[in-house]
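So this one's upload11.cif, mmCIF, C-alpha atoms and all ligand atoms:
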```
data_query
loop_
_atom_site.label_atom_id
_atom_site.label_comp_id
_atom_site.auth_asym_id
_atom_site.auth_seq_id
_atom_site.Cartn_x
_atom_site.Cartn_y
_atom_site.Cartn_z
CA MET M 1 -25.63 29.14 60.02
CA ILE M 2 -21.86 29.86 60.06
CA LYS M 3 -21.26 33.62 59.83
CA ILE M 4 -18.05 34.76 58.21
CA ALA M 5 -16.36 38.03 57.26
CA VAL M 6 -14.19 38.78 54.24
CA MET M 7 -11.41 41.36 54.71
CA GLY M 8 -10.50 42.79 51.30
CA TYR M 9 -13.02 42.66 48.44
CA GLY M 10 -10.62 42.55 45.52
CA THR M 11 -9.89 39.73 43.07
CA ILE M 12 -9.78 37.01 45.72
CA GLY M 13 -12.33 38.37 48.21
CA SER M 14 -14.95 38.74 45.49
CA GLY M 15 -14.01 35.24 44.24
CA VAL M 16 -14.70 33.87 47.73
CA VAL M 17 -18.22 35.39 47.71
CA LYS M 18 -18.79 33.92 44.22
CA VAL M 19 -17.61 30.41 45.19
CA LEU M 20 -19.80 30.46 48.32
CA GLU M 21 -22.83 31.54 46.24
CA THR M 22 -22.27 29.15 43.33
CA ASN M 23 -21.55 26.07 45.45
CA GLN M 24 -23.68 26.91 48.48
CA ASP M 25 -25.66 23.64 48.44
CA SER M 26 -22.66 21.32 48.29
CA ILE M 27 -20.72 23.46 50.82
CA CYS M 28 -23.74 23.35 53.18
CA LYS M 29 -23.90 19.54 52.88
CA LYS M 30 -20.19 19.20 53.66
CA ILE M 31 -20.35 21.39 56.79
CA GLY M 32 -23.83 20.40 57.90
CA GLU M 33 -25.00 24.02 57.89
CA GLY M 34 -24.89 27.04 55.59
CA VAL M 35 -22.26 29.79 55.36
CA GLU M 36 -23.31 33.44 55.33
CA VAL M 37 -21.00 36.36 54.60
CA LYS M 38 -22.00 38.87 57.30
CA TYR M 39 -19.35 41.53 56.69
CA ILE M 40 -17.02 42.70 53.96
CA LEU M 41 -14.18 44.92 55.15
CA ASP M 42 -12.87 47.31 52.53
CA LEU M 43 -11.91 50.96 52.14
CA ARG M 44 -14.40 51.24 49.27
CA ASP M 45 -18.24 51.33 49.52
CA PHE M 46 -19.21 49.27 46.44
CA GLU M 47 -22.32 51.34 45.78
CA GLY M 48 -24.90 49.41 43.76
CA ASP M 49 -23.11 46.10 44.33
CA PRO M 50 -25.22 43.31 45.95
CA VAL M 51 -22.69 43.21 48.82
CA GLN M 52 -23.01 46.94 49.59
CA SER M 53 -25.08 46.41 52.76
CA LYS M 54 -22.39 44.14 54.22
CA VAL M 55 -19.51 46.58 53.74
CA VAL M 56 -17.79 47.92 56.87
CA HIS M 57 -14.67 50.05 57.17
CA ASP M 58 -13.53 49.28 60.72
CA TYR M 59 -12.07 45.84 61.44
CA GLN M 60 -13.18 46.14 65.06
CA THR M 61 -16.81 45.78 63.90
CA ILE M 62 -15.89 42.22 62.89
CA ALA M 63 -13.59 41.49 65.83
CA GLN M 64 -16.27 42.56 68.31
CA ASP M 65 -19.15 40.61 66.73
CA PRO M 66 -19.47 37.25 68.54
CA GLU M 67 -21.64 35.88 65.71
CA VAL M 68 -18.67 35.82 63.31
CA SER M 69 -16.65 32.64 63.77
CA ILE M 70 -14.48 32.63 60.60
CA VAL M 71 -12.63 35.45 58.85
CA VAL M 72 -11.12 35.43 55.36
CA GLU M 73 -8.12 37.74 54.86
CA SER M 74 -7.62 38.65 51.22
CA MET M 75 -6.21 42.17 51.52
CA GLY M 76 -2.60 41.36 50.67
CA GLY M 77 0.60 42.87 52.12
CA VAL M 78 1.96 42.49 55.63
CA GLU M 79 0.30 45.49 57.30
CA PRO M 80 -2.43 46.14 58.25
CA ALA M 81 -3.23 42.49 57.45
CA TYR M 82 -1.09 41.22 60.37
CA THR M 83 -2.73 43.56 62.92
CA PHE M 84 -6.22 42.67 61.69
CA VAL M 85 -5.62 38.89 61.54
CA LYS M 86 -4.02 38.83 65.00
CA ALA M 87 -6.98 40.77 66.41
CA MET M 88 -9.41 38.26 64.86
CA LEU M 89 -7.54 35.27 66.34
CA GLU M 90 -7.39 36.96 69.75
CA ALA M 91 -11.14 37.59 69.49
CA GLY M 92 -11.64 33.82 69.10
CA LYS M 93 -12.20 33.69 65.34
CA SER M 94 -10.48 31.28 62.98
CA VAL M 95 -8.78 32.85 59.96
CA THR M 96 -7.85 31.76 56.45
CA THR M 97 -5.63 33.85 54.22
CA SER M 98 -4.38 33.85 50.65
CA ASN M 99 -1.65 36.35 51.55
CA LYS M 100 1.85 34.86 51.08
CA ALA M 101 3.63 38.01 52.32
CA LEU M 102 1.75 37.77 55.61
CA VAL M 103 2.28 34.01 56.01
CA ALA M 104 5.98 34.13 55.09
CA ALA M 105 6.64 36.96 57.56
CA HIS M 106 4.36 36.00 60.47
CA GLY M 107 3.06 32.44 59.89
CA ALA M 108 4.66 31.01 63.03
CA LYS M 109 3.36 33.85 65.25
CA LEU M 110 -0.17 33.59 63.86
CA ILE M 111 -0.26 29.81 64.33
CA ALA M 112 0.86 30.35 67.95
CA ALA M 113 -1.85 33.00 68.44
CA ALA M 114 -4.43 30.59 67.00
CA LYS M 115 -3.30 27.87 69.42
CA GLU M 116 -3.48 30.22 72.42
CA ASN M 117 -7.04 31.14 71.52
CA ASN M 118 -8.15 27.59 70.60
CA VAL M 119 -8.91 28.58 67.00
CA ASN M 120 -7.15 27.89 63.69
CA PHE M 121 -5.08 29.81 61.15
CA MET M 122 -5.04 28.33 57.64
CA PHE M 123 -3.35 29.49 54.46
CA GLU M 124 -3.87 26.93 51.69
CA ALA M 125 -4.21 29.62 48.99
CA SER M 126 -0.96 31.39 49.90
CA VAL M 127 1.15 28.99 47.79
CA GLY M 128 0.12 27.63 44.41
CA GLY M 129 -3.33 29.34 44.41
CA GLY M 130 -5.84 26.55 43.85
CA ILE M 131 -3.28 23.70 44.09
CA PRO M 132 -3.76 21.75 47.33
CA ILE M 133 -0.11 21.71 48.43
CA ILE M 134 -0.23 23.05 52.00
CA ARG M 135 -2.81 20.54 53.21
CA ALA M 136 -0.99 17.80 51.31
CA LEU M 137 2.24 18.58 53.17
CA ASN M 138 0.53 18.96 56.53
CA SER M 139 -1.58 15.84 56.42
CA CYS M 140 -1.32 13.51 53.40
CA LEU M 141 2.51 13.58 53.32
CA THR M 142 3.07 13.95 57.03
CA ALA M 143 4.47 10.40 57.38
CA ASP M 144 7.32 11.29 55.02
CA ARG M 145 10.53 13.19 55.54
CA ILE M 146 10.51 15.60 52.62
CA GLU M 147 13.88 15.46 50.88
CA GLU M 148 13.10 17.94 48.12
CA ILE M 149 10.38 20.37 47.21
CA THR M 150 10.74 22.28 43.95
CA GLY M 151 8.04 24.44 42.48
CA ILE M 152 7.10 26.55 39.54
CA VAL M 153 5.06 28.78 41.82
CA ASN M 154 4.82 32.02 39.88
CA GLY M 155 2.43 32.16 36.95
CA THR M 156 3.63 35.50 35.60
CA THR M 157 7.22 34.38 35.08
CA ASN M 158 6.19 30.96 33.80
CA TYR M 159 3.96 32.68 31.22
CA ILE M 160 6.85 34.94 30.15
CA LEU M 161 9.40 32.10 29.90
CA THR M 162 6.94 29.87 28.01
CA LYS M 163 6.19 32.65 25.53
CA MET M 164 9.90 33.41 25.08
CA ALA M 165 10.51 29.71 24.34
CA GLU M 166 7.56 29.42 21.96
CA GLU M 167 8.09 32.65 20.03
CA GLY M 168 11.80 33.32 20.39
CA CYS M 169 11.13 36.85 21.70
CA ASP M 170 13.20 38.78 24.19
CA PHE M 171 12.18 39.31 27.81
CA ASP M 172 11.13 42.99 27.55
CA GLU M 173 8.86 42.35 24.56
CA VAL M 174 7.06 39.45 26.27
CA LEU M 175 6.73 41.34 29.56
CA LYS M 176 5.04 44.23 27.73
CA ASP M 177 2.64 41.82 26.04
CA ALA M 178 1.91 40.09 29.39
CA GLN M 179 1.17 43.45 31.01
CA GLU M 180 -1.21 44.40 28.17
CA LYS M 181 -3.05 41.08 28.59
CA GLY M 182 -3.26 41.44 32.39
CA TYR M 183 -0.94 38.47 33.09
CA ALA M 184 1.68 40.75 34.62
CA GLU M 185 1.29 43.62 37.09
CA LYS M 186 2.04 47.23 36.12
CA ASP M 187 4.91 46.99 38.62
CA PRO M 188 6.09 43.41 37.96
CA THR M 189 9.17 43.54 40.24
CA ALA M 190 7.95 41.04 42.87
CA ASP M 191 7.21 38.47 40.18
CA ILE M 192 10.08 38.92 37.72
CA GLU M 193 12.76 39.31 40.39
CA GLY M 194 11.67 36.10 42.13
CA HIS M 195 10.42 37.66 45.39
CA ASP M 196 6.92 36.17 45.07
CA ALA M 197 8.29 32.67 44.39
CA GLY M 198 10.89 33.16 47.14
CA ARG M 199 8.19 33.92 49.73
CA LYS M 200 6.30 30.81 48.65
CA ILE M 201 9.33 28.53 49.04
CA ALA M 202 9.99 30.17 52.44
CA ILE M 203 6.48 29.06 53.50
CA LEU M 204 6.85 25.54 52.07
CA THR M 205 10.28 25.08 53.66
CA SER M 206 9.03 26.36 57.03
CA LEU M 207 6.30 23.73 56.87
CA ILE M 208 8.52 20.79 55.93
CA ALA M 209 11.18 21.84 58.45
CA GLY M 210 8.61 22.76 61.13
CA GLN M 211 10.62 25.91 61.77
CA GLN M 212 10.74 29.52 60.59
CA VAL M 213 12.58 30.08 57.30
CA ASP M 214 13.05 33.76 56.50
CA PHE M 215 12.59 34.83 52.89
CA GLU M 216 15.40 37.34 53.40
CA ASP M 217 17.89 34.46 53.94
CA ILE M 218 17.03 32.76 50.64
CA HIS M 219 19.26 33.35 47.63
CA THR M 220 16.81 34.81 45.10
CA GLU M 221 17.34 35.57 41.41
CA GLY M 222 14.67 36.55 38.91
CA ILE M 223 14.26 36.10 35.17
CA SER M 224 14.79 39.66 33.94
CA LYS M 225 18.29 38.83 32.64
CA ILE M 226 17.18 35.78 30.61
CA THR M 227 17.52 36.46 26.88
CA ALA M 228 16.27 34.95 23.63
CA THR M 229 19.82 33.64 23.06
CA ASP M 230 19.72 31.75 26.39
CA ILE M 231 16.51 30.09 25.19
CA LEU M 232 18.25 28.99 21.97
CA TYR M 233 21.02 27.39 24.02
CA ALA M 234 18.43 25.68 26.24
CA LYS M 235 16.73 24.21 23.19
CA LYS M 236 20.05 22.96 21.87
CA MET M 237 20.60 21.18 25.20
CA GLY M 238 17.09 19.67 25.13
CA ARG M 239 16.18 21.67 28.23
CA VAL M 240 13.84 24.50 29.21
CA ILE M 241 14.51 27.49 31.43
CA LYS M 242 12.09 27.73 34.36
CA LEU M 243 12.05 29.91 37.46
CA LEU M 244 12.28 27.29 40.22
CA ALA M 245 11.80 27.81 43.93
CA SER M 246 13.57 24.87 45.44
CA SER M 247 14.43 23.37 48.80
CA THR M 248 16.66 20.31 49.21
CA GLN M 249 17.43 18.55 52.45
CA THR M 250 21.10 18.67 53.31
CA ASP M 251 22.26 17.20 56.64
CA ASP M 252 19.81 18.56 59.22
CA THR M 253 18.70 21.65 57.29
CA TYR M 254 17.64 22.71 53.78
CA ALA M 255 19.41 24.38 50.89
CA VAL M 256 16.89 26.86 49.51
CA MET M 257 17.07 28.92 46.34
CA THR M 258 14.88 30.75 43.84
CA ALA M 259 16.47 31.19 40.43
CA PRO M 260 16.12 30.32 36.76
CA PHE M 261 17.24 26.72 36.13
CA LEU M 262 17.74 24.58 33.03
CA ILE M 263 15.59 21.51 33.46
CA PRO M 264 15.76 18.32 31.35
CA LYS M 265 12.96 16.76 29.29
CA ASP M 266 12.47 13.86 31.68
CA HIS M 267 11.71 16.08 34.71
CA PRO M 268 7.99 16.37 35.55
CA LEU M 269 8.29 20.19 35.71
CA TYR M 270 9.51 20.36 32.08
CA THR M 271 6.00 20.43 30.63
CA VAL M 272 4.49 22.96 33.06
CA ASN M 273 3.72 25.87 30.76
CA GLY M 274 1.95 29.23 30.62
CA VAL M 275 0.39 30.56 33.82
CA PHE M 276 0.17 27.09 35.37
CA ASN M 277 2.00 26.23 38.58
CA ALA M 278 3.30 22.88 39.82
CA VAL M 279 5.05 21.67 42.92
CA PHE M 280 7.31 18.62 42.76
CA VAL M 281 7.83 16.80 46.06
CA ARG M 282 10.22 13.98 46.90
CA GLY M 283 9.46 12.12 50.12
CA ASN M 284 11.73 9.49 51.66
CA MET M 285 8.87 6.96 51.64
CA LEU M 286 6.57 8.29 48.93
CA GLY M 287 9.21 8.90 46.28
CA ASP M 288 8.27 11.50 43.67
CA ALA M 289 4.90 13.29 43.41
CA MET M 290 3.74 16.40 41.62
CA PHE M 291 0.86 18.78 42.28
CA TYR M 292 -0.27 20.77 39.23
CA GLY M 293 -2.93 23.41 38.57
CA SER M 294 -3.90 27.07 38.55
CA GLY M 295 -1.57 29.02 40.78
CA ALA M 296 -3.46 32.29 40.66
CA GLY M 297 -6.71 33.86 39.50
CA SER M 298 -9.87 34.79 41.34
CA LEU M 299 -11.84 31.52 41.38
CA PRO M 300 -9.00 28.94 41.66
CA THR M 301 -7.51 30.88 44.59
CA ALA M 302 -10.94 31.46 46.15
CA SER M 303 -11.67 27.73 45.82
CA ALA M 304 -8.70 27.01 48.12
CA VAL M 305 -9.77 29.76 50.54
CA VAL M 306 -13.32 28.37 50.74
CA ALA M 307 -11.92 24.85 51.25
CA ASP M 308 -10.18 26.32 54.32
CA VAL M 309 -13.47 27.91 55.41
CA VAL M 310 -15.12 24.46 55.27
CA GLU M 311 -12.23 22.93 57.24
CA LEU M 312 -12.36 25.75 59.80
CA ALA M 313 -16.13 25.37 60.14
CA LYS M 314 -15.71 21.64 60.85
CA HIS M 315 -13.21 22.40 63.62
CA ILE M 316 -14.85 25.24 65.52
CA GLY M 317 -13.81 24.93 69.17
CA ARG M 318 -10.82 22.68 68.39
CA HIS M 319 -7.29 23.74 67.47
CA ILE M 320 -5.62 21.57 64.83
CA GLU M 321 -1.95 21.11 65.72
CA LEU M 322 0.42 22.53 63.11
CA VAL M 323 4.18 22.56 63.74
CA TRP M 324 5.83 25.80 62.64
CA ASN M 325 8.25 26.77 65.37
CA PRO M 326 9.11 30.51 65.40
CA GLU M 327 12.79 29.69 66.07
CA LYS M 328 14.66 30.52 62.87
CA LEU M 329 16.12 27.68 60.78
CA GLU M 330 19.68 28.33 59.63
CA ILE M 331 19.45 27.31 55.98
CA ALA M 332 22.46 25.82 54.20
CA ASP M 333 24.88 28.14 52.40
CA TYR M 334 23.97 27.90 48.71
CA ARG M 335 27.61 28.44 47.78
CA GLN M 336 28.42 25.03 49.29
CA GLN M 337 25.85 23.24 47.10
CA PRO M 338 27.08 21.26 44.10
CA ALA M 339 25.64 21.87 40.63
CA ARG M 340 26.54 21.96 36.97
CA PHE M 341 26.58 25.43 35.44
CA PHE M 342 25.80 26.55 31.89
CA VAL M 343 28.04 29.51 31.08
CA ARG M 344 28.28 31.99 28.20
CA THR M 345 31.53 33.90 27.89
CA ALA M 346 33.44 36.07 25.47
CA ALA M 347 36.58 34.06 26.38
CA ASP M 348 37.90 31.44 23.93
CA ARG M 349 37.92 27.65 24.43
CA GLU M 350 41.58 27.56 25.42
CA SER M 351 40.99 30.00 28.29
CA VAL M 352 37.82 28.12 29.32
CA GLU M 353 39.65 24.79 29.56
CA LYS M 354 42.60 26.38 31.38
CA VAL M 355 40.25 27.49 34.15
CA PHE M 356 37.39 24.95 34.13
CA GLY M 357 39.16 21.82 32.80
CA THR M 358 36.92 19.46 30.86
CA VAL M 359 33.64 21.08 29.82
CA GLU M 360 30.82 20.30 27.39
CA TYR M 361 30.58 22.91 24.63
CA ILE M 362 27.19 24.03 23.33
CA GLU M 363 27.05 25.85 20.01
CA VAL M 364 24.24 27.88 18.53
CA PRO M 365 24.80 29.69 15.20
CA GLN M 366 23.07 32.85 16.46
CA ALA M 367 25.75 33.28 19.15
CA ALA M 368 28.89 33.06 17.03
CA GLY M 369 31.80 34.87 18.63
CA GLU M 370 31.12 33.64 22.14
CA THR M 371 31.71 30.36 23.96
CA GLY M 372 28.85 28.42 25.54
CA PHE M 373 29.70 25.50 27.81
CA VAL M 374 28.50 23.35 30.70
CA THR M 375 30.83 22.73 33.63
CA GLN M 376 31.44 19.52 35.53
CA GLU M 377 29.64 19.35 38.87
CA MET M 378 31.22 21.66 41.43
CA LYS M 379 30.26 23.74 44.43
CA GLU M 380 28.86 27.18 43.59
CA GLU M 381 31.72 28.76 45.57
CA GLU M 382 34.24 27.02 43.29
CA TYR M 383 32.26 28.06 40.20
CA GLU M 384 32.30 31.70 41.37
CA LYS M 385 36.09 31.64 41.81
CA LYS M 386 36.64 30.10 38.39
CA ALA M 387 34.18 32.47 36.69
CA ALA M 388 36.00 35.45 38.21
CA GLU M 389 39.35 34.05 37.01
CA LEU M 390 37.97 33.47 33.48
CA GLY M 391 36.24 36.87 33.27
CA ASN M 392 33.91 38.02 30.50
CA VAL M 393 31.04 35.80 31.70
CA VAL M 394 27.84 37.14 30.16
CA GLN M 395 25.44 34.53 31.55
CA MET M 396 25.26 31.63 34.02
CA ILE M 397 22.25 29.36 34.48
CA ARG M 398 22.28 26.35 36.80
CA PHE M 399 21.30 22.83 35.75
CA HIS M 400 18.53 21.18 37.75
N1 LIG M 501 1.73 37.16 41.00
C1 LIG M 501 1.50 35.78 41.36
C2 LIG M 501 1.80 34.90 40.15
C3 LIG M 501 0.08 35.61 41.82
O1 LIG M 501 2.08 35.43 39.06
O2 LIG M 501 1.80 33.69 40.26
C4 LIG M 501 -0.15 34.45 42.74
O3 LIG M 501 0.59 34.55 43.92
#
```

Once you've parsed the file, please lay out its structure as structure tokens.
Amino acid sequence: MIKIAVMGYGTIGSGVVKVLETNQDSICKKIGEGVEVKYILDLRDFEGDPVQSKVVHDYQTIAQDPEVSIVVESMGGVEPAYTFVKAMLEAGKSVTTSNKALVAAHGAKLIAAAKENNVNFMFEASVGGGIPIIRALNSCLTADRIEEITGIVNGTTNYILTKMAEEGCDFDEVLKDAQEKGYAEKDPTADIEGHDAGRKIAILTSLIAGQQVDFEDIHTEGISKITATDILYAKKMGRVIKLLASSTQTDDTYAVMTAPFLIPKDHPLYTVNGVFNAVFVRGNMLGDAMFYGSGAGSLPTASAVVADVVELAKHIGRHIELVWNPEKLEIADYRQQPARFFVRTAADRESVEKVFGTVEYIEVPQAAGETGFVTQEMKEEEYEKKAAELGNVVQMIRFH
């Protein structure tokens, strides 16, 4: 019997216990033996809950128990998760986590600690919830050089943008509705300002580059400034606005950005709606591929965590090599990347053409009195200079 511990009995930790209970027979067949949750680490006692007898409050109880070979971390946040996970690896236990903040900040260090102790550190659920993207990148796509990886990796913002597009409502109204329905947190900052998606693309880029990419270096914009009028323009252009977390190979590094983009009908990400996530990957041999599914939620996320538990159980006593060098990757300057820009301005067409030259005008009757246009392709640095010269820019959204 494989004995495991679950640190953090919230949405995901309780989902892990449920998945292990519901699918215990098939999981047992796949590993060749059963899995028993010996401990649950939490600040709470869960009186009356069937797991009550397993609850402990001190992580050292788990670290010091030689019977426990695998630990699930589902507490969230960087600390104390980092201290606890590191202690588990040093005590010779393999760890799986769903915690993107922990992986983005300390993934390389924890992989190194796992290697030193001949155990494994896995984090399938940290990006895209139940979507198998991490294992796909690490094994199935490992023969490819990844030229682009672009994801809709935040369900909250995708729900809000989808609802704005379907109902023509403004951002604040939809956010309130999403909070009432439990699709958005009471404090939604990390989601709506793009930090959650930014951490996920930091992890994905670190994996494809094999080197540490710091979230703090990534240009990150959220969706809180997107309006119902922007959505009308998008429709007129036959596009949708999506929060994309994107990494594109450029020379020997990656250009990485999280921001709202206007994507065309023929892009696979165009139809990814509601709380769903999807990750589009372009490999130099594979060509285009897309991974789609539930990016959050108790059971989809727990399904990915338990898949890691099965993988960890099959590799007890053997470290699986995973290249994520702690040396920081200098990512490309986003201002040097070329793009086309959709712009809304109070300036007239004559002034627009004087500064931007030939542009494509977009008109929507609801925005009379302003000028909407799409630029030719240019570097972001050049766009910024021209926008400053033009003045009165009320919105800019990049084309993807
Ligand atoms: N807040 C995240 C989302 C949860 O909305 O997608 C999964 O990381």

**Request:** Pick out the residues sitting within 6 Å of region 97-105 of chain M, and hand them over as number ranges by chain; count only C-alpha atoms, and ignore anything fewer than 3 positions along from it in its own chain.
**Result:** M: 72-74, 76-78, 123, 125-126, 199, 203

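Shortest atom-to-atom contact with Val6 (chain M) among M:Tyr292, M:Leu329, M:Met285, M:Val305: M:Val305, counting all atoms listed in the file.
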
Edge lengths and centre in Å, axis-aligned, ligand LIG 501 (chain M) plus 5 Å each side, as JSON:
```
{"center_x": 1.0, "center_y": 35.4, "center_z": 41.5, "size_x": 12.2, "size_y": 13.5, "size_z": 14.9}
```

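The space separating CA of Asp65 (chain M) from CA of Val309 (chain M) comes to 17.9 Å.
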
**Request:** Excluding region 234-240 of chain M and any residue of its chain fewer than 5 positions from it, enumerate the residues within 7 Å of it, using all atoms listed in the file, and give them as a ChimeraX atom specification.
**Result:** /M:262-265,270

What would the file look like if the residues just selected were written as an mmCIF file, in the frame of the given file with C-alpha atoms?
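The resulting file, part-v1.cif, is shown below:
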```cif
data_model
loop_
_atom_site.group_PDB
_atom_site.id
_atom_site.type_symbol
_atom_site.label_atom_id
_atom_site.label_comp_id
_atom_site.auth_asym_id
_atom_site.auth_seq_id
_atom_site.Cartn_x
_atom_site.Cartn_y
_atom_site.Cartn_z
ATOM 1 C CA LEU M 262 17.740 24.580 33.030
ATOM 2 C CA ILE M 263 15.590 21.510 33.460
ATOM 3 C CA PRO M 264 15.760 18.320 31.350
ATOM 4 C CA LYS M 265 12.960 16.760 29.290
ATOM 5 C CA TYR M 270 9.510 20.360 32.080
#
```

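Restricting the atom set to only C-alpha atoms and all ligand atoms, one finds that the residues within 8 Å of ligand LIG 501 (chain M) amount to M:Lys100, M:Ser126, M:Val127, M:Gly128, M:Gly129, M:Val153, M:Asn154, M:Gly155, M:Thr156, M:Thr157, M:Tyr183, M:Ala184, M:Glu185, M:Ala190, M:Asp191, M:Asp196, M:Ala197, M:Val275, M:Asn277, M:Gly295, M:Ala296, M:Gly297.
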
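Here the question is which of M:Ser206, M:Asn120, M:Gln211, M:Thr345 gets nearest to Lys314 (chain M) using all atoms listed in the file, and that residue is M:Asn120.
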
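Considering the residues M:Glu180, M:Glu384, M:Asp288, M:Glu363 and counting all atoms listed in the file, Tyr233 (chain M) has its shortest atom-to-atom contact with M:Glu363.
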
**Counting only C-alpha atoms, the residue of M:Ala307, M:Leu137, M:Leu207, M:Val374 that sits nearest Ile27 (chain M)** = M:Ala307

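Shortest atom-to-atom contact with Ala313 (chain M) among M:Phe373, M:Phe121, M:Tyr59, M:Tyr159: M:Phe121, counting all atoms listed in the file.
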
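CA of Gly287 (chain M) lies 10.3 Å from CA of Arg145 (chain M).
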
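Nearest residue to Pro300 (chain M) among M:Thr371, M:Glu124, M:Gly130, M:Val85 is M:Gly130, counting only C-alpha atoms.
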